[in-house]
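Raw protein-v7.pdb, PDB, C-alpha atoms:
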```pdb
ATOM      1  CA  MET A1216     270.524 -17.825 228.167
ATOM      2  CA  ILE A1217     269.449 -14.221 227.605
ATOM      3  CA  ASN A1218     272.053 -13.018 225.166
ATOM      4  CA  GLY A1219     272.072 -11.235 221.834
ATOM      5  CA  ILE A1220     271.937 -14.379 219.717
ATOM      6  CA  ASN A1221     268.730 -15.728 221.291
ATOM      7  CA  ILE A1222     267.104 -12.311 221.490
ATOM      8  CA  GLY A1223     267.887 -11.784 217.805
ATOM      9  CA  ILE A1224     266.103 -15.033 216.908
ATOM     10  CA  VAL A1225     263.123 -14.028 219.059
ATOM     11  CA  VAL A1226     262.932 -10.613 217.378
ATOM     12  CA  VAL A1227     262.959 -12.271 213.949
ATOM     13  CA  LEU A1228     260.100 -14.537 215.109
ATOM     14  CA  VAL A1229     258.145 -11.490 216.302
ATOM     15  CA  GLY A1230     258.586  -9.983 212.856
ATOM     16  CA  ILE A1231     257.356 -13.162 211.174
ATOM     17  CA  TYR A1232     254.315 -13.214 213.499
ATOM     18  CA  GLY A1233     253.445  -9.658 212.505
ATOM     19  CA  LEU A1234     253.902 -10.504 208.842
ATOM     20  CA  LEU A1235     251.578 -13.518 209.174
ATOM     21  CA  THR A1236     248.742 -11.965 211.165
ATOM     22  CA  LYS A1237     248.562  -8.264 210.359
ATOM     23  CA  ARG A1238     246.365  -7.089 207.510
ATOM     24  CA  ASN A1239     247.578  -3.494 207.248
ATOM     25  CA  ILE A1240     250.334  -2.748 204.767
ATOM     26  CA  ILE A1241     252.048  -0.218 207.051
ATOM     27  CA  LYS A1242     252.136  -2.796 209.839
ATOM     28  CA  MET A1243     253.569  -5.359 207.436
ATOM     29  CA  ILE A1244     256.348  -2.920 206.515
ATOM     30  CA  MET A1245     256.978  -2.393 210.233
ATOM     31  CA  SER A1246     257.248  -6.163 210.634
ATOM     32  CA  LEU A1247     259.842  -6.233 207.864
ATOM     33  CA  CYS A1248     261.839  -3.590 209.742
ATOM     34  CA  ILE A1249     261.604  -5.641 212.958
ATOM     35  CA  MET A1250     262.877  -8.736 211.129
ATOM     36  CA  ASN A1251     265.748  -6.686 209.732
ATOM     37  CA  SER A1252     266.658  -5.468 213.222
ATOM     38  CA  GLY A1253     266.557  -9.028 214.550
ATOM     39  CA  VAL A1254     268.946 -10.289 211.899
ATOM     40  CA  ILE A1255     271.304  -7.372 212.576
ATOM     41  CA  LEU A1256     271.240  -8.041 216.324
ATOM     42  CA  PHE A1257     271.902 -11.748 215.710
ATOM     43  CA  PHE A1258     274.910 -11.137 213.492
ATOM     44  CA  ILE A1259     276.434  -8.439 215.701
ATOM     45  CA  SER A1260     276.085 -10.758 218.703
ATOM     46  CA  ILE A1261     277.882 -13.542 216.852
ATOM     47  CA  GLY A1262     280.965 -11.343 216.671
ATOM     48  CA  TYR A1263     280.946 -10.267 220.299
ATOM     49  CA  VAL A1264     283.831 -11.207 222.569
ATOM     50  CA  PHE A1265     283.633 -10.833 226.356
ATOM     51  CA  GLY A1266     285.480  -7.660 227.325
ATOM     52  CA  GLY A1267     286.308  -6.818 223.736
ATOM     53  CA  GLN A1268     286.712  -3.286 222.519
ATOM     54  CA  ALA A1269     285.582  -1.872 219.193
ATOM     55  CA  ALA A1270     287.838  -2.921 216.344
ATOM     56  CA  ILE A1271     289.738   0.370 216.050
ATOM     57  CA  PHE A1272     293.462   0.613 216.676
ATOM     58  CA  GLU A1273     293.575   3.719 218.827
ATOM     59  CA  ASP A1274     296.051   2.377 221.316
ATOM     60  CA  SER A1275     297.599  -1.065 221.628
ATOM     61  CA  SER A1276     294.590  -2.621 223.306
ATOM     62  CA  SER A1277     294.564  -6.368 223.297
ATOM     63  CA  LEU A1278     291.080  -7.790 222.833
ATOM     64  CA  MET A1279     288.805  -6.807 219.973
ATOM     65  CA  VAL A1280     285.387  -7.895 218.851
ATOM     66  CA  ASP A1281     284.970  -9.622 215.510
ATOM     67  CA  PRO A1282     284.888  -6.891 212.811
ATOM     68  CA  LEU A1283     283.638  -9.074 209.957
ATOM     69  CA  PRO A1284     279.931  -9.376 211.009
ATOM     70  CA  GLN A1285     279.854  -5.640 211.677
ATOM     71  CA  ALA A1286     281.064  -4.881 208.155
ATOM     72  CA  VAL A1287     278.529  -7.278 206.654
ATOM     73  CA  MET A1288     275.692  -5.800 208.735
ATOM     74  CA  LEU A1289     276.609  -2.297 207.597
ATOM     75  CA  THR A1290     275.609  -3.471 204.128
ATOM     76  CA  ALA A1291     272.430  -5.024 205.515
ATOM     77  CA  ILE A1292     271.419  -1.770 207.243
ATOM     78  CA  VAL A1293     271.735   0.181 204.007
ATOM     79  CA  ILE A1294     269.744  -2.404 202.079
ATOM     80  CA  GLY A1295     267.070  -2.410 204.798
ATOM     81  CA  LEU A1296     266.810   1.360 204.471
ATOM     82  CA  GLY A1297     266.375   1.094 200.719
ATOM     83  CA  VAL A1298     263.793  -1.678 200.986
ATOM     84  CA  THR A1299     261.789   0.284 203.574
ATOM     85  CA  ALA A1300     261.830   3.466 201.492
ATOM     86  CA  LEU A1301     260.701   1.637 198.368
ATOM     87  CA  ALA A1302     257.988  -0.261 200.246
ATOM     88  CA  LEU A1303     256.637   2.957 201.758
ATOM     89  CA  ALA A1304     256.583   4.591 198.329
ATOM     90  CA  LEU A1305     254.612   1.630 196.982
ATOM     91  CA  ALA A1306     252.217   1.880 199.954
ATOM     92  CA  ILE A1307     251.638   5.562 199.157
ATOM     93  CA  LYS A1308     250.869   4.665 195.544
ATOM     94  CA  ILE A1309     248.471   1.904 196.657
ATOM     95  CA  TYR A1310     246.649   4.331 198.936
ATOM     96  CA  ASP A1311     246.359   6.863 196.128
ATOM     97  CA  GLU A1312     244.869   4.252 193.840
ATOM     98  CA  TYR A1313     242.480   2.362 196.153
ATOM     99  CA  LYS A1314     242.052   4.689 199.183
ATOM    100  CA  THR A1315     242.683   1.830 201.600
ATOM    101  CA  LEU A1316     245.645  -0.048 203.043
ATOM    102  CA  ASP A1317     243.761  -3.138 204.233
ATOM    103  CA  THR A1318     244.833  -6.189 202.221
ATOM    104  CA  ASN A1319     241.440  -7.883 202.596
ATOM    105  CA  LYS A1320     239.680  -4.894 201.073
ATOM    106  CA  LEU A1321     242.387  -4.642 198.424
ATOM    107  CA  LEU A1322     241.733  -8.223 197.387
ATOM    108  CA  GLU A1323     238.014  -7.514 196.960
ATOM    109  CA  LYS A1324     238.646  -4.585 194.641
TER
ATOM    110  CA  MET B 364     253.438  23.092 209.593
ATOM    111  CA  ASN B 365     251.307  26.047 210.625
ATOM    112  CA  ARG B 366     252.704  26.632 214.082
ATOM    113  CA  LYS B 367     256.243  27.785 213.497
ATOM    114  CA  SER B 368     258.139  28.513 216.656
ATOM    115  CA  ALA B 369     260.719  31.253 216.328
ATOM    116  CA  ILE B 370     263.108  29.459 218.679
ATOM    117  CA  VAL B 371     263.108  26.320 216.561
ATOM    118  CA  LYS B 372     263.592  28.272 213.357
ATOM    119  CA  VAL B 373     266.477  30.356 214.656
ATOM    120  CA  PHE B 374     268.236  27.401 216.229
ATOM    121  CA  THR B 375     267.836  25.310 213.096
ATOM    122  CA  ARG B 376     269.336  28.071 211.013
ATOM    123  CA  LYS B 377     272.277  28.345 213.405
ATOM    124  CA  LEU B 378     272.753  24.590 213.807
ATOM    125  CA  PHE B 379     272.498  23.699 210.125
ATOM    126  CA  PRO B 380     276.132  24.392 209.088
ATOM    127  CA  PHE B 381     277.447  22.611 212.168
ATOM    128  CA  ILE B 382     275.446  19.488 211.415
ATOM    129  CA  LEU B 383     276.820  19.552 207.873
ATOM    130  CA  LEU B 384     280.332  20.012 209.280
ATOM    131  CA  TYR B 385     279.868  17.063 211.627
ATOM    132  CA  GLY B 386     278.694  14.923 208.731
ATOM    133  CA  CYS B 387     281.766  15.900 206.709
ATOM    134  CA  TYR B 388     283.980  15.066 209.691
ATOM    135  CA  LEU B 389     282.433  11.616 210.054
ATOM    136  CA  ILE B 390     282.870  10.955 206.338
ATOM    137  CA  SER B 391     286.468  12.145 206.063
ATOM    138  CA  HIS B 392     287.634  10.434 209.277
ATOM    139  CA  GLY B 393     285.810   7.192 208.586
ATOM    140  CA  HIS B 394     289.005   5.141 208.470
ATOM    141  CA  LEU B 395     290.431   6.537 211.708
ATOM    142  CA  SER B 396     287.477   6.668 214.091
ATOM    143  CA  PRO B 397     283.937   5.332 214.336
ATOM    144  CA  GLY B 398     281.945   6.521 211.365
ATOM    145  CA  GLY B 399     282.246   6.174 207.656
ATOM    146  CA  GLY B 400     280.577   7.040 204.429
ATOM    147  CA  PHE B 401     277.103   5.790 205.177
ATOM    148  CA  GLN B 402     276.894   7.122 208.727
ATOM    149  CA  GLY B 403     278.208  10.542 207.809
ATOM    150  CA  GLY B 404     275.964  10.623 204.779
ATOM    151  CA  VAL B 405     272.921   9.903 206.918
ATOM    152  CA  ILE B 406     273.817  12.831 209.203
ATOM    153  CA  PHE B 407     274.339  14.975 206.106
ATOM    154  CA  GLY B 408     270.884  13.982 204.896
ATOM    155  CA  SER B 409     269.328  14.503 208.321
ATOM    156  CA  ALA B 410     270.476  18.136 208.235
ATOM    157  CA  LEU B 411     268.572  18.624 204.984
ATOM    158  CA  ILE B 412     265.569  16.792 206.473
ATOM    159  CA  LEU B 413     265.667  19.073 209.539
ATOM    160  CA  LEU B 414     265.689  22.112 207.279
ATOM    161  CA  GLY B 415     262.747  20.708 205.355
ATOM    162  CA  LEU B 416     260.776  19.978 208.524
ATOM    163  CA  VAL B 417     261.316  23.323 210.191
ATOM    164  CA  GLU B 418     261.352  25.802 207.335
ATOM    165  CA  GLY B 419     258.771  24.003 205.270
ATOM    166  CA  VAL B 420     259.635  21.825 202.326
ATOM    167  CA  ALA B 421     258.703  24.449 199.757
ATOM    168  CA  LEU B 422     261.202  26.886 201.236
ATOM    169  CA  ALA B 423     263.905  24.283 201.707
ATOM    170  CA  GLU B 424     263.472  23.181 198.142
ATOM    171  CA  LYS B 425     264.264  26.684 196.965
ATOM    172  CA  ARG B 426     267.692  26.382 198.527
ATOM    173  CA  PHE B 427     268.321  22.758 197.595
ATOM    174  CA  LYS B 428     266.534  21.947 194.379
ATOM    175  CA  GLU B 429     265.244  18.405 194.209
ATOM    176  CA  ASP B 430     266.521  17.873 190.693
ATOM    177  CA  PHE B 431     269.923  19.107 191.791
ATOM    178  CA  LEU B 432     269.955  16.643 194.706
ATOM    179  CA  SER B 433     268.946  13.804 192.424
ATOM    180  CA  LEU B 434     271.668  14.777 189.970
ATOM    181  CA  ALA B 435     274.204  14.837 192.807
ATOM    182  CA  LYS B 436     273.135  11.328 193.834
ATOM    183  CA  ASN B 437     273.579  10.083 190.274
ATOM    184  CA  ILE B 438     277.002  11.739 190.014
ATOM    185  CA  GLY B 439     278.083  10.114 193.292
ATOM    186  CA  MET B 440     277.200   6.653 191.988
ATOM    187  CA  LEU B 441     278.946   7.411 188.697
ATOM    188  CA  ILE B 442     282.129   8.554 190.460
ATOM    189  CA  PHE B 443     282.128   5.364 192.543
ATOM    190  CA  ILE B 444     282.159   3.223 189.402
ATOM    191  CA  LEU B 445     284.592   5.493 187.563
ATOM    192  CA  VAL B 446     287.077   5.275 190.445
ATOM    193  CA  GLY B 447     286.927   1.498 190.075
ATOM    194  CA  PHE B 448     287.600   1.693 186.360
ATOM    195  CA  THR B 449     290.478   4.121 186.907
ATOM    196  CA  GLY B 450     292.249   1.352 188.776
ATOM    197  CA  MET B 451     291.677  -0.935 185.812
ATOM    198  CA  ILE B 452     293.231   1.602 183.426
ATOM    199  CA  LEU B 453     296.296   1.892 185.642
ATOM    200  CA  GLY B 454     296.814  -1.860 185.642
ATOM    201  CA  TYR B 455     295.174  -2.994 188.871
ATOM    202  CA  SER B 456     291.994  -4.981 189.266
ATOM    203  CA  PHE B 457     288.548  -3.383 189.519
ATOM    204  CA  LEU B 458     288.127  -1.159 192.618
ATOM    205  CA  SER B 459     291.509  -2.112 194.024
ATOM    206  CA  ASP B 460     293.686   0.381 195.872
ATOM    207  CA  PHE B 461     295.884   2.150 193.316
ATOM    208  CA  LEU B 462     296.864   5.169 195.398
ATOM    209  CA  PRO B 463     300.090   5.133 197.430
ATOM    210  CA  GLN B 464     299.617   4.722 201.159
ATOM    211  CA  GLY B 465     300.689   7.621 203.289
ATOM    212  CA  GLU B 466     301.496   7.657 206.963
ATOM    213  CA  VAL B 467     299.121   5.463 208.928
ATOM    214  CA  GLY B 468     296.884   7.505 211.194
ATOM    215  CA  THR B 469     296.498  10.581 209.029
ATOM    216  CA  VAL B 470     293.532  11.447 206.852
ATOM    217  CA  PRO B 471     295.206  10.798 203.455
ATOM    218  CA  GLY B 472     296.951   7.726 204.850
ATOM    219  CA  ALA B 473     294.543   5.100 203.597
ATOM    220  CA  GLY B 474     294.712   5.448 199.841
ATOM    221  CA  LEU B 475     291.474   4.871 198.014
ATOM    222  CA  ILE B 476     289.318   4.365 201.124
ATOM    223  CA  LEU B 477     288.979   8.126 201.646
ATOM    224  CA  PHE B 478     287.661   8.704 198.140
ATOM    225  CA  LEU B 479     285.240   5.780 198.296
ATOM    226  CA  ASN B 480     283.969   7.103 201.655
ATOM    227  CA  LEU B 481     283.475  10.545 200.126
ATOM    228  CA  THR B 482     281.503   9.237 197.163
ATOM    229  CA  ILE B 483     279.336   6.971 199.325
ATOM    230  CA  GLY B 484     278.647   9.780 201.796
ATOM    231  CA  PHE B 485     277.768  12.158 198.983
ATOM    232  CA  MET B 486     275.417   9.629 197.431
ATOM    233  CA  VAL B 487     273.695   8.559 200.659
ATOM    234  CA  GLY B 488     273.214  12.091 201.968
ATOM    235  CA  THR B 489     271.636  13.410 198.805
ATOM    236  CA  GLY B 490     269.706  10.176 198.261
ATOM    237  CA  ILE B 491     268.052  10.316 201.692
ATOM    238  CA  ALA B 492     267.165  13.965 201.157
ATOM    239  CA  VAL B 493     265.652  13.107 197.770
ATOM    240  CA  ILE B 494     263.581  10.282 199.296
ATOM    241  CA  PHE B 495     262.296  12.549 202.085
ATOM    242  CA  TYR B 496     261.460  15.488 199.827
ATOM    243  CA  ARG B 497     259.639  13.252 197.360
ATOM    244  CA  MET B 498     257.580  11.598 200.094
ATOM    245  CA  VAL B 499     256.615  14.902 201.714
ATOM    246  CA  ARG B 500     255.898  16.775 198.522
ATOM    247  CA  HIS B 501     253.763  13.947 197.116
ATOM    248  CA  GLY B 502     250.168  14.976 196.717
ATOM    249  CA  SER B 503     250.494  18.249 198.587
TER
ATOM    250  CA  MET C1151     241.982 -18.964 213.838
ATOM    251  CA  ASN C1152     244.576 -17.082 211.878
ATOM    252  CA  ARG C1153     246.591 -16.272 214.965
ATOM    253  CA  ILE C1154     246.485 -19.844 216.260
ATOM    254  CA  VAL C1155     247.943 -21.108 212.987
ATOM    255  CA  ALA C1156     250.573 -18.379 213.101
ATOM    256  CA  VAL C1157     251.565 -19.282 216.649
ATOM    257  CA  ILE C1158     251.847 -22.980 215.753
ATOM    258  CA  VAL C1159     254.013 -22.154 212.725
ATOM    259  CA  LEU C1160     256.179 -19.900 214.867
ATOM    260  CA  LEU C1161     256.616 -22.578 217.530
ATOM    261  CA  ILE C1162     257.797 -25.094 214.934
ATOM    262  CA  LEU C1163     260.101 -22.472 213.408
ATOM    263  CA  ALA C1164     261.464 -21.508 216.815
ATOM    264  CA  PHE C1165     262.188 -25.148 217.655
ATOM    265  CA  PHE C1166     264.176 -25.641 214.466
ATOM    266  CA  LEU C1167     265.984 -22.305 214.755
ATOM    267  CA  PHE C1168     267.014 -22.750 218.387
ATOM    268  CA  SER C1169     268.157 -26.307 217.779
ATOM    269  CA  ALA C1170     270.100 -25.294 214.668
ATOM    270  CA  VAL C1171     271.900 -22.307 216.181
ATOM    271  CA  ARG C1172     274.381 -23.602 218.722
ATOM    272  CA  LEU C1173     276.898 -20.774 218.916
ATOM    273  CA  ASP C1174     278.749 -20.026 222.106
ATOM    274  CA  TYR C1175     278.243 -16.403 222.993
ATOM    275  CA  GLY C1176     281.142 -14.107 223.629
ATOM    276  CA  HIS C1177     284.087 -16.394 222.983
ATOM    277  CA  PRO C1178     286.814 -15.386 220.537
ATOM    278  CA  ARG C1179     286.898 -17.066 217.173
ATOM    279  CA  GLN C1180     289.750 -17.931 214.875
ATOM    280  CA  GLY C1181     289.860 -17.644 211.133
ATOM    281  CA  LEU C1182     289.367 -14.797 208.733
ATOM    282  CA  SER C1183     288.748 -12.036 211.252
ATOM    283  CA  GLU C1184     292.026 -12.809 213.002
ATOM    284  CA  TYR C1185     293.709 -12.220 209.652
ATOM    285  CA  PHE C1186     291.869  -8.933 209.216
ATOM    286  CA  ILE C1187     292.823  -7.719 212.680
ATOM    287  CA  ALA C1188     296.442  -8.788 212.289
ATOM    288  CA  TYR C1189     297.150  -7.444 208.782
ATOM    289  CA  GLY C1190     294.401  -4.873 208.186
ATOM    290  CA  VAL C1191     296.338  -1.802 209.259
ATOM    291  CA  ALA C1192     299.485  -2.753 207.393
ATOM    292  CA  GLN C1193     297.728  -3.674 204.163
ATOM    293  CA  THR C1194     295.117  -0.921 203.914
ATOM    294  CA  GLY C1195     296.321   1.885 206.163
ATOM    295  CA  ALA C1196     292.960   2.265 207.901
ATOM    296  CA  LEU C1197     292.912   2.166 211.685
ATOM    297  CA  ASN C1198     289.218   1.288 211.715
ATOM    298  CA  THR C1199     289.137  -2.407 210.873
ATOM    299  CA  VAL C1200     285.453  -2.320 209.948
ATOM    300  CA  THR C1201     286.184   0.326 207.315
ATOM    301  CA  SER C1202     289.152  -1.595 205.996
ATOM    302  CA  ILE C1203     286.936  -4.648 205.482
ATOM    303  CA  TYR C1204     284.027  -2.589 204.166
ATOM    304  CA  LEU C1205     285.993  -0.610 201.595
ATOM    305  CA  ASN C1206     289.019  -2.709 200.795
ATOM    306  CA  TYR C1207     288.631  -6.436 201.330
ATOM    307  CA  ARG C1208     284.911  -6.676 200.592
ATOM    308  CA  VAL C1209     284.506  -3.653 198.342
ATOM    309  CA  TYR C1210     282.376  -5.546 195.854
ATOM    310  CA  ASP C1211     279.789  -5.893 198.625
ATOM    311  CA  THR C1212     279.878  -2.135 198.973
ATOM    312  CA  LEU C1213     279.432  -1.674 195.241
ATOM    313  CA  GLY C1214     276.358  -3.907 195.319
ATOM    314  CA  GLU C1215     274.987  -2.088 198.359
ATOM    315  CA  ALA C1216     275.499   1.294 196.698
ATOM    316  CA  THR C1217     273.707  -0.021 193.628
ATOM    317  CA  VAL C1218     270.769  -1.241 195.724
ATOM    318  CA  PHE C1219     270.469   2.070 197.561
ATOM    319  CA  PHE C1220     270.753   3.975 194.281
ATOM    320  CA  ALA C1221     268.021   1.844 192.738
ATOM    321  CA  ALA C1222     265.762   2.351 195.769
ATOM    322  CA  ALA C1223     266.215   6.132 195.737
ATOM    323  CA  LEU C1224     265.626   6.181 191.993
ATOM    324  CA  GLY C1225     262.503   4.058 192.456
ATOM    325  CA  VAL C1226     261.076   6.459 195.042
ATOM    326  CA  PHE C1227     261.999   9.363 192.767
ATOM    327  CA  MET C1228     260.160   7.743 189.863
ATOM    328  CA  LEU C1229     257.120   6.460 191.798
ATOM    329  CA  LEU C1230     256.125   9.611 193.653
ATOM    330  CA  ARG C1231     255.269  12.744 191.732
ATOM    331  CA  LYS C1232     254.346  16.241 192.751
ATOM    332  CA  GLU C1233     250.778  17.295 192.170
ATOM    333  CA  GLY C1234     251.402  19.494 189.176
ATOM    334  CA  GLU C1235     253.495  16.988 187.265
ATOM    335  CA  GLU C1236     251.980  14.585 184.788
ATOM    336  CA  LYS C1237     252.460  10.864 185.234
TER
END
```
Spit out the file's structure as structure tokens when you get a sec.
Amino acid sequence: MINGINIGIVVVLVGIYGLLTKRNIIKMIMSLCIMNSGVILFFISIGYVFGGQAAIFEDSSSLMVDPLPQAVMLTAIVIGLGVTALALALAIKIYDEYKTLDTNKLLEK
Amino acid sequence: MNRKSAIVKVFTRKLFPFILLYGCYLISHGHLSPGGGFQGGVIFGSALILLGLVEGVALAEKRFKEDFLSLAKNIGMLIFILVGFTGMILGYSFLSDFLPQGEVGTVPGAGLILFLNLTIGFMVGTGIAVIFYRMVRHGS
Amino acid sequence: MNRIVAVIVLLILAFFLFSAVRLDYGHPRQGLSEYFIAYGVAQTGALNTVTSIYLNYRVYDTLGEATVFFAAALGVFMLLRKEGEEK
């Protein structure tokens, strides 16, 4: 039962746990990245075929993995990069303004 | 960035053009081998980030101005959209392949894919460098 | 207290997720990707099937992704300033 699909779901759950319990903004951004990685692992594992090669026609090899989830996840990786960069920029601005990254202390101010 | 090792500086200066060359290879051969616009662009940007880390951002910015990098990113996005509209002018639908296909397996053999890869790689490489330089230069 | 609630929520979520996802791992699938593998090289000229999907069949996805990345880079560029510059 240990395969990429189940591990991907578990990684997403780990990310949700971090998002629910952590009170530091940097750790919340890290949880978002972990969730992103879990979704990517899940989708790549959906397209896997036992013994399949990468979907590139170098020689006339027979079995190939599913290229469609890989193409979709390429988009998801780029969007995850953009989201992380923007979130980190916002965290820098929050630290400049309030001198703390703790959400409890941010709510008091 | 006080402790600057001479070995790291010399090797970065020697490695820098080769990293750029490898990024260009990944971008231009994206339809024949593993790679593509985004992957090659990230390597392109990582070369600029390496230069900024080793030589100091102030020195690296003298060679690659931040405004110039931002302008290059904007031009890459603009070219991507303009290529799509060029197809519309020539009578195809938006972003469809209007170039003739060459021999399969060569670099110009895939029509529009090569140009879209080039624009995406250009945009991603300069965009990542802009993000890094902005974050490092902020407040310092 | 907070963590106990989080663990309970996660257990419920995990139950629903694992019971909803019943995909067999590693077995070949029919459908659209078979079409892409069979006709991708002839229609687009790209040997890399992922690239032929990414930049020919689903190029609108790529346009949206490029727009998102462009907006994120522009947002970082606008949010963070150097010390000397005015806001």
- request: Please identify all polymer residues within 10 Å of Arg497 in chain B, counting all atoms listed in the file, omitting same-chain residues fewer than 3 positions from it, and present them as a PyMOL selection string.
  value: (chain A and resi 1304) or (chain B and resi 420+429+491-494+500-502) or (chain C and resi 1223+1226-1232)
message: Would you compute the distance between CA of Leu441 in chain B and CA of Leu453 in chain B? Give it in Å to one decimal.
response: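 Distance between the two atoms: 18.5 Å.
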query: Applied to the shown file, which residues does the PyMOL selection byres ((chain B and resi 427) around 12) return, written as number ranges by chain?
result: B: 408, 410-412, 414-415, 420-426, 428-435, 489, 492-493, 496
Determine, for each residue of chain C having at least one atom at most 7 Å from an atom of chain A, the closest pair of atoms and their separation in Å to one decimal, counting only C-alpha atoms; order by chain and ascending number, as a tab-separated table.
```
residue	atom	partner	partner_atom	distance
C:Asn1152	CA	A:Thr1236	CA	6.6
C:Arg1153	CA	A:Thr1236	CA	6.1
C:Ala1156	CA	A:Leu1235	CA	6.3
C:Leu1160	CA	A:Leu1228	CA	6.6
C:Tyr1175	CA	A:Ile1261	CA	6.8
C:Gly1176	CA	A:Val1264	CA	4.1
C:His1177	CA	A:Val1264	CA	5.2
C:Pro1178	CA	A:Val1264	CA	5.5
C:Ser1183	CA	A:Leu1283	CA	6.0
C:Leu1197	CA	A:Phe1272	CA	5.3
C:Asn1198	CA	A:Ile1271	CA	4.5
C:Thr1199	CA	A:Ala1270	CA	5.6
C:Val1200	CA	A:Ala1286	CA	5.4
C:Ile1203	CA	A:Ala1286	CA	6.5
C:Tyr1204	CA	A:Ala1286	CA	5.5
C:Thr1212	CA	A:Thr1290	CA	6.8
C:Glu1215	CA	A:Thr1290	CA	6.0
C:Val1218	CA	A:Ile1294	CA	6.5
C:Phe1219	CA	A:Gly1297	CA	5.3
C:Ala1222	CA	A:Gly1297	CA	5.1
C:Gly1225	CA	A:Leu1301	CA	6.6
C:Val1226	CA	A:Leu1301	CA	5.9
C:Leu1229	CA	A:Ala1304	CA	6.8
C:Leu1230	CA	A:Ala1304	CA	6.9
```
query: Near chain A, which residues of chain B fall within 8 Å when you count only C-alpha atoms, and what do they look like as a PyMOL selection string?
result: chain B and resi 395-397+401+494+498
